[in-house]
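Listing of protein_11.txt; format and content: compact mmCIF, C-alpha atoms.
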# COMPACT_ATOMS: atom_id res chain seq x y z
CA MET A 3 21.16 -73.39 2.66
CA GLU A 4 21.67 -74.48 -0.92
CA ALA A 5 19.07 -75.32 -3.56
CA LEU A 6 19.00 -78.43 -5.72
CA GLY A 7 17.10 -76.69 -8.51
CA ARG A 8 16.00 -73.40 -9.99
CA GLN A 9 12.65 -72.78 -11.60
CA ILE A 10 11.56 -69.80 -13.64
CA LEU A 11 7.83 -69.29 -13.98
CA VAL A 12 7.31 -67.17 -17.07
CA GLU A 13 4.15 -65.41 -18.20
CA TYR A 14 4.45 -64.47 -21.88
CA TYR A 15 1.70 -61.93 -22.56
CA ASP A 16 0.88 -60.21 -25.87
CA CYS A 17 2.37 -63.02 -27.96
CA ASP A 18 1.91 -63.64 -31.68
CA GLN A 19 -1.37 -65.53 -31.63
CA SER A 20 -0.74 -67.68 -34.68
CA LYS A 21 2.68 -68.79 -33.46
CA ILE A 22 1.52 -69.96 -30.03
CA ASN A 23 -1.43 -71.79 -31.63
CA ASP A 24 0.88 -73.76 -33.95
CA VAL A 25 1.91 -76.97 -32.20
CA SER A 26 4.86 -77.60 -34.53
CA PHE A 27 6.13 -74.07 -34.06
CA VAL A 28 5.84 -74.27 -30.27
CA GLU A 29 7.53 -77.69 -30.14
CA THR A 30 10.40 -76.52 -32.34
CA ALA A 31 10.78 -73.33 -30.27
CA LEU A 32 11.10 -75.25 -26.99
CA ILE A 33 13.54 -77.78 -28.43
CA GLN A 34 15.66 -75.00 -29.96
CA ALA A 35 15.63 -73.08 -26.67
CA ALA A 36 16.70 -76.20 -24.77
CA LYS A 37 19.53 -76.77 -27.23
CA ALA A 38 20.59 -73.12 -27.06
CA SER A 39 21.06 -73.54 -23.30
CA GLN A 40 23.16 -76.69 -23.85
CA ALA A 41 20.55 -78.86 -22.12
CA THR A 42 20.54 -82.62 -22.71
CA LEU A 43 17.23 -83.55 -24.36
CA ILE A 44 15.56 -86.73 -23.18
CA SER A 45 12.01 -86.57 -24.58
CA HIS A 46 9.36 -84.18 -25.84
CA ASN A 47 5.63 -84.50 -26.10
CA PHE A 48 3.21 -81.87 -27.44
CA HIS A 49 -0.54 -81.67 -27.93
CA LYS A 50 -2.83 -79.37 -29.89
CA PHE A 51 -6.18 -78.51 -28.41
CA SER A 52 -9.32 -77.82 -30.35
CA PRO A 53 -10.27 -75.11 -31.22
CA TYR A 54 -7.03 -73.59 -29.92
CA GLY A 55 -4.17 -73.99 -27.48
CA VAL A 56 -1.03 -76.08 -27.16
CA SER A 57 0.39 -78.02 -24.20
CA GLY A 58 3.78 -79.65 -24.18
CA VAL A 59 6.80 -80.71 -22.19
CA VAL A 60 10.45 -81.14 -23.01
CA VAL A 61 12.15 -83.38 -20.46
CA ILE A 62 15.84 -82.61 -20.20
CA ALA A 63 18.47 -84.39 -18.11
CA GLU A 64 18.63 -81.18 -16.08
CA SER A 65 14.83 -81.27 -15.39
CA HIS A 66 12.11 -79.89 -17.74
CA ILE A 67 10.47 -77.12 -19.74
CA ALA A 68 6.66 -77.09 -19.84
CA ILE A 69 4.28 -74.87 -21.78
CA HIS A 70 0.57 -74.19 -21.99
CA THR A 71 -0.70 -71.63 -24.46
CA TRP A 72 -3.96 -69.72 -24.62
CA PRO A 73 -3.83 -68.12 -28.10
CA GLU A 74 -7.25 -66.57 -27.48
CA TYR A 75 -5.55 -64.43 -24.82
CA ASN A 76 -2.20 -64.15 -26.68
CA TYR A 77 -0.73 -65.78 -23.59
CA ALA A 78 1.68 -68.64 -22.85
CA ALA A 79 2.64 -70.01 -19.42
CA VAL A 80 6.11 -71.57 -19.31
CA ASP A 81 8.01 -73.34 -16.55
CA ILE A 82 11.75 -73.73 -16.86
CA PHE A 83 13.07 -76.09 -14.20
CA THR A 84 16.82 -76.75 -14.14
CA CYS A 85 19.27 -78.37 -11.78
CA GLY A 86 23.03 -78.23 -11.80
CA GLU A 87 25.20 -75.41 -12.93
CA THR A 88 25.81 -76.42 -16.51
CA ILE A 89 22.85 -74.67 -18.09
CA ASP A 90 21.34 -71.21 -17.76
CA PRO A 91 17.51 -71.19 -17.64
CA TRP A 92 17.45 -67.53 -18.62
CA VAL A 93 18.81 -68.43 -22.06
CA ILE A 94 15.66 -70.52 -22.57
CA GLN A 95 13.45 -67.70 -21.28
CA GLU A 96 14.97 -65.23 -23.76
CA CYS A 97 14.78 -67.63 -26.73
CA LEU A 98 11.08 -68.22 -26.17
CA LYS A 99 10.38 -64.51 -25.76
CA GLU A 100 11.84 -63.90 -29.21
CA ASN A 101 10.07 -66.85 -30.80
CA PHE A 102 6.66 -65.96 -29.44
CA VAL A 103 7.20 -62.24 -30.11
CA SER A 104 5.94 -61.54 -26.60
CA GLN A 105 5.61 -57.83 -25.85
CA ASN A 106 5.10 -58.27 -22.13
CA VAL A 107 7.00 -60.87 -20.11
CA SER A 108 6.75 -61.49 -16.38
CA SER A 109 9.24 -63.93 -14.82
CA MET A 110 9.75 -65.22 -11.32
CA GLU A 111 12.69 -67.37 -10.23
CA MET A 112 12.15 -69.86 -7.41
CA LYS A 113 14.61 -72.10 -5.63
CA ARG A 114 13.60 -75.76 -5.30
CA GLY A 115 14.83 -78.29 -2.74
CA MET A 116 16.57 -76.33 0.00
CA PHE A 117 19.14 -78.17 2.12
CA LYS A 118 21.69 -77.25 4.74
CA VAL A 119 25.16 -78.00 3.48
CA PRO A 120 28.30 -78.10 5.65
CA GLU A 121 30.63 -75.22 4.88
CA GLY A 122 32.90 -75.92 1.94
CA GLN A 123 30.66 -78.66 0.56
CA LYS A 124 28.20 -78.57 -2.33
CA LEU A 125 25.00 -80.39 -3.15
CA LEU A 126 25.47 -83.17 -5.67
CA PHE A 127 23.22 -83.33 -8.71
CA LYS A 128 22.03 -86.11 -10.94
CA PRO A 129 24.60 -87.02 -13.57
CA SER A 130 23.33 -85.14 -16.61
CA SER A 131 24.31 -87.74 -19.20
CA GLU A 132 23.24 -90.97 -17.54
CA TYR A 133 19.66 -92.06 -17.65
CA GLN A 134 17.63 -95.09 -18.51
CA SER A 135 14.44 -94.55 -20.44
CA ASN A 136 11.42 -96.27 -18.98
CA MET B 1 -8.08 -59.72 -12.14
CA GLU B 2 -8.71 -63.41 -12.73
CA ALA B 3 -6.18 -66.20 -13.28
CA LEU B 4 -6.25 -68.75 -16.10
CA GLY B 5 -4.37 -71.32 -14.06
CA ARG B 6 -3.23 -72.41 -10.62
CA GLN B 7 0.10 -74.01 -9.88
CA ILE B 8 1.22 -75.68 -6.68
CA LEU B 9 4.96 -76.04 -6.22
CA VAL B 10 5.46 -78.84 -3.72
CA GLU B 11 8.65 -79.82 -1.90
CA TYR B 12 8.28 -83.34 -0.50
CA TYR B 13 11.08 -83.75 2.04
CA ASP B 14 11.86 -86.83 4.15
CA CYS B 15 10.26 -89.22 1.69
CA ASP B 16 10.62 -93.01 1.54
CA GLN B 17 13.85 -93.29 -0.42
CA SER B 18 13.10 -96.56 -2.15
CA LYS B 19 9.67 -95.41 -3.32
CA ILE B 20 10.88 -92.19 -4.96
CA ASN B 21 13.72 -94.09 -6.63
CA ASP B 22 11.33 -96.57 -8.23
CA VAL B 23 10.26 -95.22 -11.62
CA SER B 24 7.25 -97.54 -11.87
CA PHE B 25 6.08 -96.59 -8.40
CA VAL B 26 6.45 -92.86 -9.10
CA GLU B 27 4.68 -93.13 -12.46
CA THR B 28 1.79 -95.08 -10.96
CA ALA B 29 1.54 -92.63 -8.06
CA LEU B 30 1.24 -89.62 -10.37
CA ILE B 31 -1.30 -91.30 -12.63
CA GLN B 32 -3.37 -92.40 -9.64
CA ALA B 33 -3.23 -88.90 -8.16
CA ALA B 34 -4.34 -87.38 -11.48
CA LYS B 35 -7.23 -89.82 -11.66
CA ALA B 36 -8.19 -89.14 -8.05
CA SER B 37 -8.58 -85.46 -8.91
CA GLN B 38 -10.78 -86.35 -11.93
CA ALA B 39 -8.18 -85.00 -14.36
CA THR B 40 -8.28 -86.08 -18.01
CA LEU B 41 -5.06 -87.93 -18.81
CA ILE B 42 -3.43 -87.19 -22.15
CA SER B 43 0.08 -88.66 -21.89
CA HIS B 44 2.78 -89.66 -19.41
CA ASN B 45 6.49 -90.05 -19.80
CA PHE B 46 8.94 -91.11 -17.07
CA HIS B 47 12.69 -91.66 -16.89
CA LYS B 48 14.99 -93.35 -14.43
CA PHE B 49 18.40 -91.86 -13.84
CA SER B 50 21.52 -93.79 -12.96
CA PRO B 51 22.50 -94.33 -10.20
CA TYR B 52 19.33 -92.75 -8.76
CA GLY B 53 16.52 -90.32 -9.42
CA VAL B 54 13.33 -90.20 -11.45
CA SER B 55 11.93 -87.48 -13.72
CA GLY B 56 8.50 -87.57 -15.26
CA VAL B 57 5.51 -85.67 -16.50
CA VAL B 58 1.82 -86.44 -16.74
CA VAL B 59 0.14 -84.16 -19.26
CA ILE B 60 -3.54 -83.70 -18.45
CA ALA B 61 -6.16 -81.80 -20.41
CA GLU B 62 -6.20 -79.38 -17.49
CA SER B 63 -2.38 -78.79 -17.77
CA HIS B 64 0.31 -81.04 -16.16
CA ILE B 65 1.98 -82.69 -13.19
CA ALA B 66 5.79 -82.87 -13.22
CA ILE B 67 8.17 -84.58 -10.82
CA HIS B 68 11.90 -84.79 -10.20
CA THR B 69 13.18 -86.95 -7.37
CA TRP B 70 16.49 -86.95 -5.53
CA PRO B 71 16.33 -90.18 -3.50
CA GLU B 72 19.80 -89.44 -2.12
CA TYR B 73 18.21 -86.50 -0.30
CA ASN B 74 14.83 -88.22 0.30
CA TYR B 75 13.39 -85.32 -1.70
CA ALA B 76 10.93 -84.90 -4.56
CA ALA B 77 10.01 -81.66 -6.34
CA VAL B 78 6.51 -81.67 -7.82
CA ASP B 79 4.61 -79.11 -9.90
CA ILE B 80 0.87 -79.37 -10.16
CA PHE B 81 -0.46 -76.99 -12.81
CA THR B 82 -4.20 -76.92 -13.39
CA CYS B 83 -6.65 -74.73 -15.25
CA GLY B 84 -10.40 -74.63 -15.04
CA GLU B 85 -12.56 -75.32 -12.06
CA THR B 86 -13.26 -78.99 -12.56
CA ILE B 87 -10.30 -80.41 -10.67
CA ASP B 88 -8.68 -79.67 -7.33
CA PRO B 89 -4.84 -79.66 -7.41
CA TRP B 90 -4.72 -80.17 -3.65
CA VAL B 91 -6.19 -83.66 -4.07
CA ILE B 92 -3.10 -84.50 -6.14
CA GLN B 93 -0.79 -82.92 -3.57
CA GLU B 94 -2.30 -85.01 -0.78
CA CYS B 95 -2.25 -88.28 -2.76
CA LEU B 96 1.45 -87.89 -3.51
CA LYS B 97 2.26 -87.02 0.09
CA GLU B 98 0.73 -90.32 1.18
CA ASN B 99 2.39 -92.33 -1.58
CA PHE B 100 5.86 -90.95 -0.94
CA VAL B 101 5.38 -91.12 2.85
CA SER B 102 6.75 -87.58 3.07
CA GLN B 103 7.20 -86.38 6.63
CA ASN B 104 7.80 -82.75 5.70
CA VAL B 105 5.87 -81.04 2.91
CA SER B 106 6.18 -77.43 1.80
CA SER B 107 3.67 -76.15 -0.76
CA MET B 108 3.19 -72.83 -2.47
CA GLU B 109 0.25 -71.95 -4.68
CA MET B 110 0.78 -69.51 -7.53
CA LYS B 111 -1.70 -67.95 -9.94
CA ARG B 112 -0.78 -68.12 -13.63
CA GLY B 113 -2.00 -65.86 -16.42
CA MET B 114 -3.66 -62.87 -14.81
CA PHE B 115 -6.23 -60.93 -16.84
CA LYS B 116 -8.67 -58.15 -16.21
CA VAL B 117 -12.20 -59.41 -16.71
CA PRO B 118 -15.30 -57.20 -17.01
CA GLU B 119 -17.58 -57.52 -14.00
CA GLY B 120 -19.92 -60.46 -14.25
CA GLN B 121 -17.79 -62.24 -16.85
CA LYS B 122 -15.38 -65.14 -16.46
CA LEU B 123 -12.25 -66.27 -18.24
CA LEU B 124 -12.86 -69.11 -20.67
CA PHE B 125 -10.68 -72.20 -20.48
CA LYS B 126 -9.63 -74.81 -22.98
CA PRO B 127 -12.29 -77.44 -23.48
CA SER B 128 -11.04 -80.25 -21.26
CA SER B 129 -12.12 -83.12 -23.46
CA GLU B 130 -11.13 -81.93 -26.90
CA TYR B 131 -7.59 -82.29 -28.05
CA GLN B 132 -5.65 -83.60 -30.99
CA SER B 133 -2.50 -85.54 -30.28
CA ASN B 134 0.51 -84.37 -32.24
Kindly return the structure encoded in the file as structure tokens.
Amino acid sequence: MEALGRQILVEYYDCDQSKINDVSFVETALIQAAKASQATLISHNFHKFSPYGVSGVVVIAESHIAIHTWPEYNYAAVDIFTCGETIDPWVIQECLKENFVSQNVSSMEMKRGMFKVPEGQKLLFKPSSEYQSN
Amino acid sequence: MEALGRQILVEYYDCDQSKINDVSFVETALIQAAKASQATLISHNFHKFSPYGVSGVVVIAESHIAIHTWPEYNYAAVDIFTCGETIDPWVIQECLKENFVSQNVSSMEMKRGMFKVPEGQKLLFKPSSEYQSN
């Protein structure tokens, strides 16, 4: 069996509260992390909640990075979903840990889309540089 | 311990190929599913890949729904992340199953953001109707 995608579910506990409540900071951190992993950025969309909290998604050609922050608990939930072998999701995980100054990180890697592949063959992925925006 | 959020990772296998390759169909399906669960829509952003495949995210006040489709494998990966007790992520899971005509669905529910809570108290969530767009 081979997987089409990998997904890391990351719990960033004990973060810097002011950083994860700052929508511009969070947006910049996710974009920088995506770039650090050599991902191909397609779009990004972030929202600030009142009185606190940020939600946002960076869509990359290789899938997506999503975040929801609860500054009142110094906590951020992040999903890093990648496909293909050109980028390393753990680079993104590490970048965000540093940016959010998280003192307690819990990560779980899942495989997504499991298929039987004849011996010697590989699963094909979406072309990473070809897309049409809707 | 109580969780701030719930996340269902859904593998929709054996889907209708033409439906999950149609960006408008996929976008409408996710928005309809979000509405069916009574979620509060904030934004949605979908992309069509060439020659096939769709990626997209619906950000809801209660977190997000993300999808990546591989029509060539009749497969769609969906994440349904919700917080609070006002919406049921399984309503979304079921709506999408019907829309994609998936004959083989595998779902896993995860808890996100675990915290110790004093007896008799509950975790507080983001207000679902108050946000500022960035």
Practice prompt. Tell me, as JSON, numbers by chain, which residues lie within 10 Å of segment 104-111 of chain B, counting all atoms listed in the file; anything in the same chain fewer than 4 positions away does not count.
Written response: {"A": [11, 115], "B": [2, 3, 4, 5, 6, 7, 8, 9, 10, 11, 12, 13, 14, 15, 75, 76, 77, 78, 79, 80, 81, 82, 83, 89, 90, 93, 94, 97]}
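The residue set within 7 Å of Pro73 of chain A, counting only C-alpha atoms and dropping same-chain residues fewer than 5 places from it, reads Gln19, Ile22, Asn23, Tyr54 and Gly55 of chain A.
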Export of the given selection (C-alpha atoms) as a short mmCIF file (atom, residue, chain, number, x, y, z; two decimals), in the frame of the given file:
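Contents of the output file result-v5.cif:
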data_model
loop_
_atom_site.label_atom_id
_atom_site.label_comp_id
_atom_site.auth_asym_id
_atom_site.auth_seq_id
_atom_site.Cartn_x
_atom_site.Cartn_y
_atom_site.Cartn_z
CA GLN A 19 -1.37 -65.53 -31.63
CA ILE A 22 1.52 -69.96 -30.03
CA ASN A 23 -1.43 -71.79 -31.63
CA TYR A 54 -7.03 -73.59 -29.92
CA GLY A 55 -4.17 -73.99 -27.48
#
Fill in: Shell of 12 Å around His47 of chain B, all atoms listed in the file, local chain residues under 4 positions omitted, as JSON, numbers by chain
{"A": [43, 44, 45, 61, 62, 63, 65, 66, 132, 133, 134, 135, 136], "B": [21, 22, 23, 24, 25, 26, 27, 52, 53, 54, 55, 56, 57, 66, 67, 68, 69]}
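Comparing B:Ile65, B:Ile92, B:Met1, B:Ala33 by their smallest distance to chain A, the closest is B:Ile65 (using all atoms listed in the file).
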Worksheet, complete the sentence: note - atom CA of Leu96 of chain B and atom CA of Arg112 of chain B are separated by 22.3 Å
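Atom CA of Phe51 of chain A lies 18.3 Å from atom CA of Ile87 of chain B.
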Worksheet item: Could you work out how far atom CA of Pro51 of chain B lies from atom CA of Lys19 of chain B, giving the answer in Å with one decimal?
Response: 14.6 Å
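Comparing the minimum interatomic distances between Ala36 of chain B and each of B:Met114, B:Val91, B:Leu124, B:Val58, counting only C-alpha atoms, we find that B:Val91 sits nearest.
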Working from the structure I just supplied, which lacks atoms in segment 60-95 of chain B, can you model N, CA and C atoms there and output them as an mmCIF file, in the coordinates of the input?
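result.cif was written with the following content:
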data_model
loop_
_atom_site.group_PDB
_atom_site.id
_atom_site.type_symbol
_atom_site.label_atom_id
_atom_site.label_comp_id
_atom_site.auth_asym_id
_atom_site.auth_seq_id
_atom_site.Cartn_x
_atom_site.Cartn_y
_atom_site.Cartn_z
ATOM 1 N N ILE B 60 -2.085 -83.538 -18.591
ATOM 2 C CA ILE B 60 -3.540 -83.700 -18.450
ATOM 3 C C ILE B 60 -4.209 -82.600 -19.259
ATOM 4 N N ALA B 61 -5.455 -82.820 -19.619
ATOM 5 C CA ALA B 61 -6.160 -81.800 -20.410
ATOM 6 C C ALA B 61 -6.164 -80.478 -19.655
ATOM 7 N N GLU B 62 -6.136 -80.583 -18.326
ATOM 8 C CA GLU B 62 -6.200 -79.380 -17.490
ATOM 9 C C GLU B 62 -4.811 -78.797 -17.204
ATOM 10 N N SER B 63 -3.761 -79.302 -17.783
ATOM 11 C CA SER B 63 -2.380 -78.790 -17.770
ATOM 12 C C SER B 63 -1.373 -79.910 -17.491
ATOM 13 N N HIS B 64 -0.674 -79.965 -16.332
ATOM 14 C CA HIS B 64 0.310 -81.040 -16.160
ATOM 15 C C HIS B 64 0.708 -81.243 -14.699
ATOM 16 N N ILE B 65 1.320 -82.405 -14.464
ATOM 17 C CA ILE B 65 1.980 -82.690 -13.190
ATOM 18 C C ILE B 65 3.395 -83.144 -13.545
ATOM 19 N N ALA B 66 4.394 -82.516 -12.938
ATOM 20 C CA ALA B 66 5.790 -82.870 -13.220
ATOM 21 C C ALA B 66 6.489 -83.229 -11.924
ATOM 22 N N ILE B 67 7.426 -84.175 -12.020
ATOM 23 C CA ILE B 67 8.170 -84.580 -10.820
ATOM 24 C C ILE B 67 9.646 -84.790 -11.143
ATOM 25 N N HIS B 68 10.479 -84.427 -10.184
ATOM 26 C CA HIS B 68 11.900 -84.790 -10.200
ATOM 27 C C HIS B 68 12.234 -85.261 -8.800
ATOM 28 N N THR B 69 12.851 -86.430 -8.705
ATOM 29 C CA THR B 69 13.180 -86.950 -7.370
ATOM 30 C C THR B 69 14.688 -87.050 -7.177
ATOM 31 N N TRP B 70 15.095 -86.785 -5.959
ATOM 32 C CA TRP B 70 16.490 -86.950 -5.530
ATOM 33 C C TRP B 70 16.468 -87.908 -4.327
ATOM 34 N N PRO B 71 16.426 -89.210 -4.615
ATOM 35 C CA PRO B 71 16.330 -90.180 -3.500
ATOM 36 C C PRO B 71 17.485 -90.027 -2.508
ATOM 37 N N GLU B 72 18.634 -89.608 -3.007
ATOM 38 C CA GLU B 72 19.800 -89.440 -2.120
ATOM 39 C C GLU B 72 19.563 -88.373 -1.060
ATOM 40 N N TYR B 73 18.590 -87.507 -1.301
ATOM 41 C CA TYR B 73 18.210 -86.500 -0.300
ATOM 42 C C TYR B 73 16.797 -86.754 0.247
ATOM 43 N N ASN B 74 16.216 -87.882 -0.114
ATOM 44 C CA ASN B 74 14.830 -88.220 0.300
ATOM 45 C C ASN B 74 13.853 -87.116 -0.123
ATOM 46 N N TYR B 75 14.118 -86.520 -1.280
ATOM 47 C CA TYR B 75 13.390 -85.320 -1.700
ATOM 48 C C TYR B 75 12.784 -85.470 -3.098
ATOM 49 N N ALA B 76 11.570 -84.960 -3.241
ATOM 50 C CA ALA B 76 10.930 -84.900 -4.560
ATOM 51 C C ALA B 76 10.336 -83.516 -4.773
ATOM 52 N N ALA B 77 10.602 -82.943 -5.941
ATOM 53 C CA ALA B 77 10.010 -81.660 -6.340
ATOM 54 C C ALA B 77 8.859 -81.948 -7.274
ATOM 55 N N VAL B 78 7.681 -81.415 -6.972
ATOM 56 C CA VAL B 78 6.510 -81.670 -7.820
ATOM 57 C C VAL B 78 5.840 -80.345 -8.175
ATOM 58 N N ASP B 79 5.435 -80.228 -9.441
ATOM 59 C CA ASP B 79 4.610 -79.110 -9.900
ATOM 60 C C ASP B 79 3.250 -79.645 -10.278
ATOM 61 N N ILE B 80 2.236 -78.994 -9.794
ATOM 62 C CA ILE B 80 0.870 -79.370 -10.160
ATOM 63 C C ILE B 80 0.219 -78.126 -10.761
ATOM 64 N N PHE B 81 0.055 -78.153 -12.081
ATOM 65 C CA PHE B 81 -0.460 -76.990 -12.810
ATOM 66 C C PHE B 81 -1.850 -77.375 -13.312
ATOM 67 N N THR B 82 -2.848 -76.608 -12.923
ATOM 68 C CA THR B 82 -4.200 -76.920 -13.390
ATOM 69 C C THR B 82 -4.884 -75.659 -13.904
ATOM 70 N N CYS B 83 -5.797 -75.840 -14.850
ATOM 71 C CA CYS B 83 -6.650 -74.730 -15.250
ATOM 72 C C CYS B 83 -8.095 -75.211 -15.218
ATOM 73 N N GLY B 84 -8.990 -74.276 -15.148
ATOM 74 C CA GLY B 84 -10.400 -74.630 -15.040
ATOM 75 C C GLY B 84 -10.789 -74.899 -13.614
ATOM 76 N N GLU B 85 -12.056 -75.154 -13.433
ATOM 77 C CA GLU B 85 -12.560 -75.320 -12.060
ATOM 78 C C GLU B 85 -13.041 -76.732 -11.790
ATOM 79 N N THR B 86 -12.709 -77.641 -12.717
ATOM 80 C CA THR B 86 -13.260 -78.990 -12.560
ATOM 81 C C THR B 86 -12.401 -79.886 -11.678
ATOM 82 N N ILE B 87 -11.130 -79.543 -11.505
ATOM 83 C CA ILE B 87 -10.300 -80.410 -10.670
ATOM 84 C C ILE B 87 -9.598 -79.602 -9.576
ATOM 85 N N ASP B 88 -9.276 -80.304 -8.497
ATOM 86 C CA ASP B 88 -8.680 -79.670 -7.330
ATOM 87 C C ASP B 88 -7.212 -80.135 -7.207
ATOM 88 N N PRO B 89 -6.255 -79.236 -7.445
ATOM 89 C CA PRO B 89 -4.840 -79.660 -7.410
ATOM 90 C C PRO B 89 -4.399 -80.163 -6.035
ATOM 91 N N TRP B 90 -5.122 -79.751 -4.997
ATOM 92 C CA TRP B 90 -4.720 -80.170 -3.650
ATOM 93 C C TRP B 90 -5.018 -81.643 -3.382
ATOM 94 N N VAL B 91 -5.946 -82.211 -4.155
ATOM 95 C CA VAL B 91 -6.190 -83.660 -4.070
ATOM 96 C C VAL B 91 -4.933 -84.396 -4.542
ATOM 97 N N ILE B 92 -4.330 -83.890 -5.592
ATOM 98 C CA ILE B 92 -3.100 -84.500 -6.140
ATOM 99 C C ILE B 92 -1.964 -84.352 -5.125
ATOM 100 N N GLN B 93 -1.851 -83.173 -4.554
ATOM 101 C CA GLN B 93 -0.790 -82.920 -3.570
ATOM 102 C C GLN B 93 -0.880 -83.902 -2.408
ATOM 103 N N GLU B 94 -2.089 -84.141 -1.933
ATOM 104 C CA GLU B 94 -2.300 -85.010 -0.780
ATOM 105 C C GLU B 94 -2.039 -86.480 -1.127
ATOM 106 N N CYS B 95 -2.492 -86.896 -2.312
ATOM 107 C CA CYS B 95 -2.250 -88.280 -2.760
ATOM 108 C C CYS B 95 -0.754 -88.575 -2.804
#
